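Chemist: The structure file upload_16.cif (mmCIF, C-alpha atoms) is provided below.
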```cif
data_query
loop_
_atom_site.label_atom_id
_atom_site.label_comp_id
_atom_site.auth_asym_id
_atom_site.auth_seq_id
_atom_site.Cartn_x
_atom_site.Cartn_y
_atom_site.Cartn_z
CA MET C 1 4.12 67.13 38.80
CA TYR C 2 1.52 66.79 36.04
CA GLN C 3 1.07 70.58 35.79
CA LYS C 4 4.84 71.07 35.53
CA LYS C 5 5.05 68.60 32.63
CA SER C 6 2.11 70.25 30.88
CA ARG C 7 3.70 73.69 31.08
CA ARG C 8 6.91 72.34 29.51
CA CYS C 9 5.00 70.72 26.68
CA CYS C 10 2.95 73.85 26.01
CA ALA C 11 6.05 76.00 25.92
CA LEU C 12 7.70 73.70 23.40
CA MET C 13 4.66 73.61 21.16
CA LEU C 14 4.33 77.40 21.33
CA THR C 15 7.95 77.85 20.27
CA VAL C 16 7.49 75.53 17.29
CA SER C 17 4.29 77.36 16.29
CA ILE C 18 5.97 80.78 16.39
CA CYS C 19 8.84 79.55 14.22
CA LEU C 20 6.43 78.19 11.66
CA ARG C 21 4.44 81.42 11.52
CA VAL C 22 7.60 83.50 10.99
CA CYS C 23 8.59 81.21 8.09
CA MET C 24 5.17 81.60 6.53
CA LEU C 25 5.26 85.46 6.83
CA LEU C 26 8.62 85.45 5.08
CA GLY C 27 7.20 83.37 2.20
CA LEU C 28 9.00 80.25 3.28
CA ASP C 29 5.96 77.91 3.26
CA ALA C 30 7.83 75.04 1.63
CA ARG C 31 10.72 75.48 4.02
CA ALA C 32 8.27 75.42 6.94
CA ALA C 33 6.73 72.18 5.71
CA ALA C 34 10.15 70.62 5.29
CA LEU C 35 11.18 71.67 8.79
CA LEU C 36 7.96 70.22 10.20
CA SER C 37 8.49 66.92 8.35
CA GLN C 38 12.10 66.75 9.49
CA ALA C 39 11.08 67.48 13.06
CA ALA C 40 8.46 64.72 12.95
CA GLN C 41 11.14 62.21 11.90
CA SER C 42 13.63 63.38 14.49
CA THR C 43 14.34 60.79 17.14
CA GLU C 44 15.66 63.57 19.38
CA LEU C 45 12.33 65.42 19.29
CA ALA C 46 10.52 62.16 20.00
CA ARG C 47 12.77 61.58 23.00
CA TRP C 48 11.99 65.06 24.35
CA VAL C 49 8.24 64.64 23.87
CA LEU C 50 8.44 61.29 25.68
CA PHE C 51 10.45 62.97 28.47
CA LEU C 52 7.90 65.75 28.86
CA GLU C 53 5.06 63.22 28.97
CA THR C 54 6.57 60.60 31.31
CA GLY C 55 9.51 62.28 33.00
CA GLN C 56 11.80 59.47 31.68
CA ALA C 57 14.27 59.84 28.86
CA ALA C 58 14.19 57.22 26.11
CA PRO C 59 17.48 55.35 25.53
CA SER C 60 19.65 56.65 22.74
CA PRO C 61 19.64 54.46 19.60
CA ALA C 62 22.63 52.25 19.02
CA PRO C 63 25.08 53.38 16.34
CA GLU C 64 24.34 51.92 12.91
CA ASP C 65 27.42 49.72 12.96
CA THR C 66 26.30 48.08 16.22
CA VAL C 67 22.72 47.15 15.18
CA PRO C 68 22.45 43.35 15.55
CA GLU C 69 21.85 41.27 12.45
CA PRO C 70 18.40 39.64 12.16
CA GLN C 71 18.39 35.94 13.10
CA LEU C 72 17.38 33.68 10.20
CA VAL C 73 16.56 29.98 10.01
CA VAL C 74 18.34 28.61 6.95
CA LEU C 75 17.09 25.48 5.21
CA GLN C 76 19.86 23.58 3.51
CA ILE C 77 18.81 22.32 0.10
CA GLN C 78 20.98 19.68 -1.50
CA LYS C 79 21.47 20.34 -5.17
CA THR C 80 21.57 17.53 -7.65
CA LYS C 81 24.90 16.69 -9.18
CA PRO C 82 25.52 18.47 -12.44
CA ARG C 83 25.26 16.22 -15.44
CA PRO C 84 28.66 15.36 -16.93
CA ALA C 85 29.45 17.40 -20.01
CA GLU C 86 29.85 14.31 -22.14
CA GLU C 87 26.41 12.97 -21.28
CA PRO C 88 23.99 13.79 -24.12
CA GLU C 89 20.62 15.28 -23.40
CA ALA C 90 17.71 12.87 -23.60
CA GLU C 91 15.76 13.37 -26.79
CA SER C 92 12.45 12.47 -25.20
CA ALA C 93 10.93 11.26 -21.93
CA PRO C 94 11.23 7.50 -21.30
CA GLU C 95 8.26 5.37 -22.19
CA PRO C 96 6.04 4.50 -19.19
CA ALA C 97 6.11 0.93 -17.90
CA PRO C 98 3.38 -1.23 -19.44
CA ALA C 99 0.25 -1.59 -17.35
CA ALA C 100 -0.92 -4.94 -16.05
CA GLY C 101 -2.33 -7.05 -18.82
CA THR C 102 -0.58 -5.27 -21.71
CA GLU C 103 2.12 -7.90 -22.22
CA LEU C 104 1.34 -11.42 -23.34
CA LEU C 105 3.74 -13.76 -21.57
CA PRO C 106 4.65 -17.14 -23.06
CA LEU C 107 1.89 -19.56 -22.18
CA ALA C 108 1.49 -23.34 -22.11
CA LEU C 109 -1.97 -24.73 -21.35
CA ALA C 110 -3.37 -28.07 -20.28
CA GLU C 111 -6.54 -29.25 -22.04
CA ALA C 112 -9.85 -29.71 -20.21
CA GLY C 113 -9.44 -33.51 -20.28
CA GLU C 114 -6.14 -33.19 -18.43
CA LEU C 115 -7.70 -31.28 -15.53
CA SER C 116 -8.66 -33.51 -12.62
CA VAL C 117 -11.44 -32.37 -10.25
CA ALA C 118 -12.16 -34.07 -6.93
CA GLY C 119 -14.19 -33.18 -3.83
CA ALA C 120 -17.51 -33.82 -2.19
CA CYS C 121 -19.63 -31.56 -4.39
CA THR C 122 -22.03 -33.54 -6.59
CA TYR C 123 -23.15 -30.71 -8.87
CA PHE C 124 -22.91 -31.22 -12.62
CA TYR C 125 -20.50 -28.97 -14.51
CA ASP C 126 -18.88 -28.95 -17.94
CA LYS C 127 -15.12 -28.42 -17.68
CA SER C 128 -14.68 -27.70 -21.37
CA ALA C 129 -17.48 -25.12 -21.45
CA LEU C 130 -16.29 -23.41 -18.28
CA LEU C 131 -12.71 -23.34 -19.49
CA ALA C 132 -13.70 -21.87 -22.86
CA ARG C 133 -16.15 -19.18 -21.76
CA PRO C 134 -14.88 -15.59 -21.38
CA SER C 135 -13.90 -14.63 -17.86
CA ALA C 136 -15.88 -11.96 -15.98
CA LEU C 137 -12.67 -10.66 -14.40
CA ASP C 138 -11.72 -7.11 -15.38
CA PHE C 139 -8.11 -6.15 -14.72
CA SER C 140 -8.27 -2.75 -16.46
CA GLY C 141 -7.99 0.55 -14.63
CA ASP C 142 -5.93 1.65 -11.67
CA GLY C 143 -5.82 0.28 -8.15
CA PRO C 144 -5.21 -3.16 -6.65
CA LYS C 145 -6.78 -6.09 -8.47
CA ILE C 146 -5.87 -8.97 -6.14
CA LEU C 147 -6.37 -9.27 -2.38
CA ILE C 148 -4.39 -11.96 -0.56
CA VAL C 149 -5.76 -13.05 2.82
CA HIS C 150 -5.19 -15.86 5.32
CA THR C 151 -8.23 -17.30 7.09
CA HIS C 152 -5.82 -19.56 9.00
CA GLY C 153 -2.78 -17.33 9.23
CA THR C 154 -1.07 -19.36 11.98
CA GLU C 155 -0.69 -22.48 9.79
CA ALA C 156 2.99 -23.48 9.56
CA TYR C 157 5.22 -26.18 8.11
CA THR C 158 7.69 -28.82 9.24
CA PRO C 159 10.66 -26.95 10.73
CA GLU C 160 14.12 -27.50 9.28
CA PRO C 161 17.51 -26.23 10.51
CA GLY C 162 17.58 -22.44 10.31
CA TRP C 163 13.80 -22.27 9.86
CA GLU C 164 12.65 -23.14 13.37
CA TYR C 165 9.75 -21.32 15.03
CA GLN C 166 7.92 -21.16 18.34
CA SER C 167 4.74 -23.25 18.08
CA SER C 168 1.37 -21.95 19.22
CA ALA C 169 -0.15 -25.38 18.41
CA SER C 170 0.86 -28.40 16.34
CA TYR C 171 2.23 -27.00 13.05
CA HIS C 172 0.99 -23.54 13.96
CA THR C 173 2.88 -20.38 14.95
CA LEU C 174 2.24 -16.70 15.60
CA GLU C 175 5.50 -15.84 13.82
CA ALA C 176 4.43 -14.37 10.49
CA ASP C 177 7.78 -15.00 8.82
CA ARG C 178 7.44 -18.74 9.52
CA SER C 179 3.77 -19.29 8.65
CA VAL C 180 1.60 -19.18 5.53
CA ILE C 181 1.74 -15.39 5.82
CA ALA C 182 5.32 -15.60 4.55
CA VAL C 183 3.97 -17.58 1.59
CA GLY C 184 1.49 -14.77 0.97
CA ASP C 185 4.36 -12.29 1.04
CA ALA C 186 6.21 -14.28 -1.62
CA LEU C 187 3.09 -14.59 -3.78
CA ALA C 188 2.40 -10.86 -3.55
CA GLN C 189 5.99 -10.05 -4.51
CA ALA C 190 5.88 -12.40 -7.51
CA LEU C 191 2.69 -10.75 -8.77
CA GLU C 192 3.94 -7.21 -8.20
CA GLU C 193 7.14 -7.98 -10.10
CA ARG C 194 4.95 -9.00 -13.04
CA GLY C 195 2.87 -5.83 -13.04
CA ILE C 196 -0.14 -6.94 -10.96
CA GLU C 197 -1.05 -4.58 -8.10
CA VAL C 198 -1.77 -6.55 -4.92
CA LEU C 199 -3.05 -6.00 -1.39
CA HIS C 200 -1.87 -8.45 1.26
CA ASP C 201 -3.80 -8.60 4.53
CA ARG C 202 -1.44 -10.31 7.00
CA SER C 203 -4.01 -10.60 9.81
CA LEU C 204 -4.15 -13.72 11.98
CA ASN C 205 -7.86 -14.37 11.54
CA ASP C 206 -7.65 -17.71 13.40
CA TYR C 207 -6.15 -16.26 16.57
CA PRO C 208 -7.25 -16.21 19.31
CA SER C 209 -10.47 -17.85 18.04
CA PHE C 210 -9.97 -20.58 15.44
CA ASN C 211 -13.70 -21.30 15.15
CA ASP C 212 -14.50 -17.68 14.18
CA ALA C 213 -11.76 -17.49 11.54
CA TYR C 214 -14.01 -17.48 8.47
CA TRP C 215 -16.40 -14.93 9.96
CA THR C 216 -13.50 -12.70 11.01
CA GLY C 217 -11.91 -13.09 7.60
CA LEU C 218 -15.14 -12.15 5.82
CA THR C 219 -15.40 -8.86 7.70
CA LYS C 220 -11.85 -8.01 6.58
CA ILE C 221 -12.59 -8.96 2.96
CA GLU C 222 -15.76 -6.84 2.88
CA ALA C 223 -13.91 -3.86 4.33
CA TRP C 224 -11.18 -4.10 1.69
CA LEU C 225 -13.72 -4.45 -1.12
CA GLU C 226 -15.56 -1.37 0.09
CA GLN C 227 -12.31 0.60 0.07
CA TYR C 228 -11.07 -0.86 -3.24
CA PRO C 229 -14.10 -1.92 -5.33
CA GLY C 230 -11.82 -2.71 -8.29
CA ILE C 231 -10.48 -5.87 -6.60
CA GLN C 232 -11.22 -8.84 -8.86
CA MET C 233 -9.71 -11.77 -6.98
CA VAL C 234 -9.49 -12.75 -3.32
CA ILE C 235 -6.88 -15.45 -2.81
CA ASP C 236 -7.02 -17.20 0.57
CA VAL C 237 -3.63 -18.87 1.15
CA HIS C 238 -3.64 -21.96 3.39
CA ARG C 239 -1.46 -24.93 4.22
CA ASP C 240 -3.04 -28.39 3.99
CA ALA C 241 -2.60 -31.23 6.50
CA VAL C 242 -1.97 -34.76 5.16
CA ALA C 243 -0.96 -37.82 7.18
CA ASP C 244 0.34 -41.23 6.18
CA GLY C 245 -1.01 -44.56 7.48
CA ALA C 246 0.92 -44.15 10.74
CA GLY C 247 -0.45 -40.67 11.35
CA ASN C 248 2.75 -38.85 10.48
CA ALA C 249 2.71 -35.58 8.52
CA MET C 250 3.32 -36.32 4.87
CA ALA C 251 4.92 -33.96 2.36
CA LEU C 252 3.55 -33.58 -1.16
CA SER C 253 6.30 -32.25 -3.39
CA SER C 254 7.30 -31.74 -7.01
CA THR C 255 10.61 -30.94 -8.63
CA GLN C 256 10.36 -27.73 -10.66
CA GLU C 257 13.29 -26.09 -12.41
CA GLY C 258 15.71 -28.14 -10.31
CA GLN C 259 14.11 -27.17 -6.99
CA SER C 260 11.82 -29.01 -4.61
CA ALA C 261 8.43 -27.29 -4.51
CA ALA C 262 5.39 -28.05 -2.39
CA GLN C 263 2.43 -29.19 -4.43
CA VAL C 264 -0.51 -26.79 -4.65
CA MET C 265 -4.24 -27.52 -4.52
CA LEU C 266 -6.92 -25.08 -5.71
CA VAL C 267 -10.14 -25.26 -3.67
CA VAL C 268 -13.45 -23.95 -5.03
CA GLY C 269 -16.60 -23.57 -2.90
CA THR C 270 -20.24 -23.87 -3.97
CA ASP C 271 -23.71 -23.29 -2.48
CA GLN C 272 -24.46 -27.00 -2.08
CA GLY C 273 -23.95 -26.69 1.67
CA GLY C 274 -26.83 -24.21 1.92
CA LEU C 275 -25.08 -20.80 1.89
CA SER C 276 -25.88 -18.39 -0.91
CA HIS C 277 -23.25 -18.43 -3.64
CA PRO C 278 -24.86 -17.83 -7.04
CA GLY C 279 -21.55 -17.13 -8.78
CA TRP C 280 -19.77 -20.36 -7.90
CA GLN C 281 -19.54 -21.51 -11.54
CA GLU C 282 -17.68 -18.30 -12.49
CA ASN C 283 -15.26 -19.01 -9.64
CA LEU C 284 -14.85 -22.57 -10.88
CA ALA C 285 -14.29 -21.35 -14.45
CA ASN C 286 -11.48 -19.04 -13.37
CA ALA C 287 -9.97 -21.73 -11.15
CA LEU C 288 -9.97 -24.15 -14.08
CA LYS C 289 -8.19 -21.56 -16.21
CA LEU C 290 -5.50 -21.15 -13.55
CA GLN C 291 -5.23 -24.93 -13.17
CA SER C 292 -4.73 -25.17 -16.94
CA VAL C 293 -1.88 -22.67 -16.82
CA LEU C 294 -0.25 -24.27 -13.76
CA GLN C 295 -0.28 -27.75 -15.28
CA GLY C 296 0.83 -26.48 -18.66
CA GLN C 297 3.71 -24.42 -17.28
CA TYR C 298 4.72 -26.62 -14.35
CA PRO C 299 3.66 -30.26 -14.83
CA GLY C 300 3.35 -32.13 -11.56
CA LEU C 301 2.98 -29.02 -9.39
CA CYS C 302 -0.82 -29.28 -9.04
CA ARG C 303 -2.97 -31.70 -7.13
CA SER C 304 -6.54 -32.25 -8.30
CA LEU C 305 -8.79 -29.20 -8.07
CA ASN C 306 -11.00 -29.67 -5.01
CA LEU C 307 -14.70 -28.74 -5.53
CA ARG C 308 -16.45 -28.47 -2.15
CA THR C 309 -19.94 -28.04 -0.74
CA GLU C 310 -18.77 -25.25 1.59
CA ARG C 311 -18.60 -21.61 0.45
CA PHE C 312 -15.30 -20.50 2.05
CA ASN C 313 -16.20 -16.77 1.65
CA GLN C 314 -15.78 -17.16 -2.10
CA HIS C 315 -19.06 -15.34 -2.85
CA ALA C 316 -17.18 -12.04 -2.38
CA THR C 317 -15.68 -11.81 -5.90
CA PRO C 318 -15.93 -13.81 -9.16
CA GLY C 319 -12.23 -14.64 -8.86
CA SER C 320 -12.18 -15.83 -5.24
CA LEU C 321 -9.99 -18.86 -4.65
CA LEU C 322 -8.67 -20.90 -1.75
CA VAL C 323 -5.12 -22.17 -2.33
CA GLU C 324 -3.52 -24.94 -0.27
CA VAL C 325 0.25 -24.45 -0.64
CA GLY C 326 1.89 -27.67 0.53
CA THR C 327 1.08 -29.68 3.63
CA ASN C 328 2.29 -29.79 7.22
CA GLY C 329 4.86 -32.31 6.02
CA ASN C 330 6.45 -29.81 3.62
CA THR C 331 8.95 -27.16 4.64
CA LEU C 332 8.47 -23.42 4.37
CA ARG C 333 11.35 -23.30 1.92
CA GLN C 334 9.40 -25.60 -0.44
CA ALA C 335 6.23 -23.51 0.02
CA LEU C 336 8.05 -20.29 -0.84
CA CYS C 337 9.31 -21.88 -4.05
CA THR C 338 5.72 -22.76 -4.94
CA ALA C 339 4.53 -19.22 -4.20
CA GLU C 340 6.89 -17.88 -6.85
CA LEU C 341 5.64 -20.39 -9.43
CA LEU C 342 2.00 -19.74 -8.52
CA GLY C 343 2.51 -15.99 -8.92
CA ASP C 344 4.11 -16.52 -12.30
CA ALA C 345 1.26 -18.74 -13.54
CA LEU C 346 -1.40 -16.38 -12.23
CA ALA C 347 0.25 -13.40 -13.93
CA ARG C 348 0.45 -15.32 -17.20
CA MET C 349 -3.26 -16.11 -16.96
CA ILE C 350 -4.19 -12.49 -16.19
CA HIS C 351 -2.13 -11.15 -19.10
CA ALA C 352 -3.66 -13.71 -21.49
CA LEU C 353 -7.22 -12.89 -20.39
CA ALA C 354 -6.58 -9.16 -20.81
CA GLN C 355 -5.16 -9.65 -24.29
CA ASN C 356 -7.90 -11.96 -25.55
CA GLY C 357 -11.13 -10.48 -24.19
CA GLY C 358 -11.33 -12.78 -21.20
CA VAL C 359 -10.64 -15.94 -23.20
CA LEU C 360 -7.70 -18.10 -22.15
CA SER C 361 -5.66 -18.60 -25.30
CA VAL C 362 -2.05 -18.85 -26.36
CA GLN C 363 -2.79 -16.63 -29.38
#
```
As a first step, turn the structure in this file into structure tokens.
Modeler:
Amino acid sequence: MYQKKSRRCCALMLTVSICLRVCMLLGLDARAAALLSQAAQSTELARWVLFLETGQAAPSPAPEDTVPEPQLVVLQIQKTKPRPAEEPEAESAPEPAPAAGTELLPLALAEAGELSVAGACTYFYDKSALLARPSALDFSGDGPKILIVHTHGTEAYTPEPGWEYQSSASYHTLEADRSVIAVGDALAQALEERGIEVLHDRSLNDYPSFNDAYWTGLTKIEAWLEQYPGIQMVIDVHRDAVADGAGNAMALSSTQEGQSAAQVMLVVGTDQGGLSHPGWQENLANALKLQSVLQGQYPGLCRSLNLRTERFNQHATPGSLLVEVGTNGNTLRQALCTAELLGDALARMIHALAQNGGVLSVQ
């Protein structure tokens, strides 16, 4: 079989060779080259060569009008609506939104003598000097400047109709939208709306271990500071617990702008308890500045600033602050109202410091 195929192939090649030689003898070199090129492109010749080599004929090509169309994947792109003819072209690009600290909001301040400080710490400090000295906080540059955390994220309030929750302990819940975490959400939103970039860590650092809450919280704070070294303030949002003479939860409230708001207490830690905290006076200075704004803008909203012997993880940044928003006797609705006011006062303070070289001033 193989010899038979070879003889056929040789005969064909010999015939082609003889034809080419005849063309060349007749001076038809160009014609011979054209014939050879045409033969090489001939599908019929290719079919015969394949037949001589394999003994099987190749299928005839489909007519040109029956060749299938290539299959394409089409991505649909939605075009924007054409601008109405009557709409004029913008003359220039819109101005970018002002960065945090570029706008000086209206500010009312309480004097140093009006700021009450309580607590167990017996260190000497000068309120007037601390209030007047330039702040070390730097709110310039990009990235988040405030980190909101919750050492005791399960702390909750007195339930009211429509605001009930499932308790994990007395005045505690794992439901984030019913605990102090919701207050942190409201505070973060108030700051963001006023141009301050915020991170809010909604972790339950007191669950399942309440005793390890501060240690757990510190590991989270350090991780965030490593990722975002531009953070200037760490605000730890809590809910206080206050009882009357009969042991019942007592609400501490203030009427602000026609609404009932939970009173707020700023808590500042020191190193008097034995833990290293060399920057506690800078923390106290910034807390006094915020207290001045809060009392000036919203009289009656603040309780006395609480200066403590404990550190409360406030060695992490010069603007660290523990904030008690209401008590277990207040409702979450009252605490959310306070969060909005606290965010407004804090933004006013930040803008004033940025405008005046770190000095709190109405000018």
Chemist: Might I get the box with edges along x, y and z of the file that holds all atoms of segment 214-217 of chain C listed there, padded by 5 Å on every side, given as centre and edge lengths in Å to one decimal, as AutoDock Vina command-line options?
Modeler:
```
--center_x -14.2 --center_y -15.1 --center_z 9.3 --size_x 14.5 --size_y 14.8 --size_z 13.4
```
Chemist: Measuring between all atoms listed in the file, which one of C:Pro299, C:Gly319, C:Gly358, C:Gly247 shows the shortest distance to Ile231 of chain C?
Modeler: C:Gly319
Chemist: Between C:Ala188, C:Val268, C:Leu322, C:Met349, which has the minimum distance to Lys289 of chain C (counting all atoms listed in the file)?
Modeler: C:Met349
Chemist: My list of candidates is C:Thr331, C:Gln314, C:Gln297, C:Thr158. Which is closest to Val234 of chain C when distances are computed with all atoms listed in the file?
Modeler: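 The closest residue to Val234 of chain C is C:Gln314.
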Chemist: Given the PyMOL selection byres ((chain C and resi 160) around 10) and the file above, list the residues it selects as a count of residues only.
Modeler: 12
Chemist: Report as an MDAnalysis selection string all protein, DNA and RNA residues lying within 7 Å of Gly273 of chain C, evaluated on only C-alpha atoms, omitting residues in the same chain fewer than 2 positions from it.
Modeler: chainID C and resid 271 275 309:310
Chemist: Which residues fall under the PyMOL selection byres ((chain C and resi 233) around 9) in this file, as a list in words?
Modeler: Leu137, Lys145, Ile146, Leu147, Ile148, Ile231, Gln232, Val234, Ile235, Ala316, Thr317, Pro318, Gly319, Ser320 and Leu321 of chain C
Chemist: Could you tell me how far atom CA of Leu346 of chain C lies from atom CA of Leu294 of chain C, in Å and to one decimal?
Modeler: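 Straight-line distance from atom CA of Leu346 of chain C to atom CA of Leu294 of chain C works out to 8.1 Å.
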Chemist: My list of candidates is C:Gly279, C:Gln189, C:Val293, C:Leu266. Which is closest to Leu353 of chain C when distances are computed with only C-alpha atoms?
Modeler: C:Val293
Chemist: Residue by residue, what does the PyMOL selection byres ((chain C and resi 347) around 12) grab here? Present the result as a PyMOL selection string.
Modeler: chain C and resi 100-107+139+145-146+187-198+289-290+293-294+340-346+348-354
Chemist: From the options C:Leu288, C:Val267, C:Ala110, C:Val149, which residue's atoms come nearest to Ala182 of chain C, counting only C-alpha atoms?
Modeler: C:Val149
Chemist: List the residues sitting within 10 Å of (-11.5, -20.4, -16.0) in the file's frame, using only C-alpha atoms, as an NGL selection string.
Modeler: :C and (127-137 or 281-293 or 319 or 349 or 353 or 358-360)
Chemist: Using all atoms listed in the file, find the one residue out of C:Thr151, C:Thr173, C:Asn328, C:Gln295 that sits nearest to Asp212 of chain C.
Modeler: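 Looking only at the distances to Asp212 of chain C, the closest residue turns out to be C:Thr151.
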Chemist: How would segment 247-255 of chain C look with all heavy atoms restored, written as a PDB file, in the frame of the given file?
Modeler:
```pdb
ATOM      1  N   GLY C 247      -0.070 -41.936  10.721  1.00  0.00           N
ATOM      2  CA  GLY C 247      -0.450 -40.670  11.350  1.00  0.00           C
ATOM      3  C   GLY C 247       0.616 -39.601  11.303  1.00  0.00           C
ATOM      4  O   GLY C 247       0.459 -38.543  11.930  1.00  0.00           O
ATOM      5  N   ASN C 248       1.688 -39.842  10.583  1.00  0.00           N
ATOM      6  CA  ASN C 248       2.750 -38.850  10.480  1.00  0.00           C
ATOM      7  C   ASN C 248       2.477 -37.855   9.349  1.00  0.00           C
ATOM      8  O   ASN C 248       1.911 -38.217   8.317  1.00  0.00           O
ATOM      9  CB  ASN C 248       4.098 -39.552  10.227  1.00  0.00           C
ATOM     10  CG  ASN C 248       4.461 -40.527  11.325  1.00  0.00           C
ATOM     11  OD1 ASN C 248       4.357 -40.205  12.516  1.00  0.00           O
ATOM     12  ND2 ASN C 248       4.882 -41.739  10.952  1.00  0.00           N
ATOM     13  N   ALA C 249       2.887 -36.607   9.553  1.00  0.00           N
ATOM     14  CA  ALA C 249       2.710 -35.580   8.520  1.00  0.00           C
ATOM     15  C   ALA C 249       3.434 -35.994   7.258  1.00  0.00           C
ATOM     16  O   ALA C 249       4.588 -36.433   7.294  1.00  0.00           O
ATOM     17  CB  ALA C 249       3.221 -34.240   9.031  1.00  0.00           C
ATOM     18  N   MET C 250       2.755 -35.863   6.130  1.00  0.00           N
ATOM     19  CA  MET C 250       3.320 -36.320   4.870  1.00  0.00           C
ATOM     20  C   MET C 250       3.482 -35.122   3.925  1.00  0.00           C
ATOM     21  O   MET C 250       2.564 -34.313   3.744  1.00  0.00           O
ATOM     22  CB  MET C 250       2.411 -37.363   4.226  1.00  0.00           C
ATOM     23  CG  MET C 250       2.984 -37.989   2.961  1.00  0.00           C
ATOM     24  SD  MET C 250       2.008 -39.426   2.406  1.00  0.00           S
ATOM     25  CE  MET C 250       0.452 -38.647   2.009  1.00  0.00           C
ATOM     26  N   ALA C 251       4.651 -35.030   3.318  1.00  0.00           N
ATOM     27  CA  ALA C 251       4.920 -33.960   2.360  1.00  0.00           C
ATOM     28  C   ALA C 251       4.459 -34.368   0.974  1.00  0.00           C
ATOM     29  O   ALA C 251       4.586 -35.528   0.569  1.00  0.00           O
ATOM     30  CB  ALA C 251       6.409 -33.644   2.350  1.00  0.00           C
ATOM     31  N   LEU C 252       3.912 -33.389   0.238  1.00  0.00           N
ATOM     32  CA  LEU C 252       3.550 -33.580  -1.160  1.00  0.00           C
ATOM     33  C   LEU C 252       4.371 -32.592  -1.972  1.00  0.00           C
ATOM     34  O   LEU C 252       4.159 -31.374  -1.891  1.00  0.00           O
ATOM     35  CB  LEU C 252       2.042 -33.330  -1.378  1.00  0.00           C
ATOM     36  CG  LEU C 252       1.101 -34.266  -0.607  1.00  0.00           C
ATOM     37  CD1 LEU C 252      -0.354 -33.892  -0.865  1.00  0.00           C
ATOM     38  CD2 LEU C 252       1.347 -35.725  -0.973  1.00  0.00           C
ATOM     39  N   SER C 253       5.325 -33.105  -2.742  1.00  0.00           N
ATOM     40  CA  SER C 253       6.300 -32.250  -3.390  1.00  0.00           C
ATOM     41  C   SER C 253       6.419 -32.543  -4.873  1.00  0.00           C
ATOM     42  O   SER C 253       5.973 -33.589  -5.361  1.00  0.00           O
ATOM     43  CB  SER C 253       7.687 -32.402  -2.725  1.00  0.00           C
ATOM     44  OG  SER C 253       7.594 -32.231  -1.330  1.00  0.00           O
ATOM     45  N   SER C 254       7.055 -31.609  -5.577  1.00  0.00           N
ATOM     46  CA  SER C 254       7.300 -31.740  -7.010  1.00  0.00           C
ATOM     47  C   SER C 254       8.593 -31.022  -7.324  1.00  0.00           C
ATOM     48  O   SER C 254       8.885 -29.964  -6.741  1.00  0.00           O
ATOM     49  CB  SER C 254       6.142 -31.133  -7.802  1.00  0.00           C
ATOM     50  OG  SER C 254       6.453 -31.061  -9.176  1.00  0.00           O
ATOM     51  N   THR C 255       9.364 -31.592  -8.212  1.00  0.00           N
ATOM     52  CA  THR C 255      10.610 -30.940  -8.630  1.00  0.00           C
ATOM     53  C   THR C 255      10.321 -30.025  -9.807  1.00  0.00           C
ATOM     54  O   THR C 255       9.834 -30.466 -10.850  1.00  0.00           O
ATOM     55  CB  THR C 255      11.675 -31.969  -9.024  1.00  0.00           C
ATOM     56  OG1 THR C 255      11.943 -32.821  -7.898  1.00  0.00           O
ATOM     57  CG2 THR C 255      12.967 -31.275  -9.446  1.00  0.00           C
TER      58      THR C 255
END
```
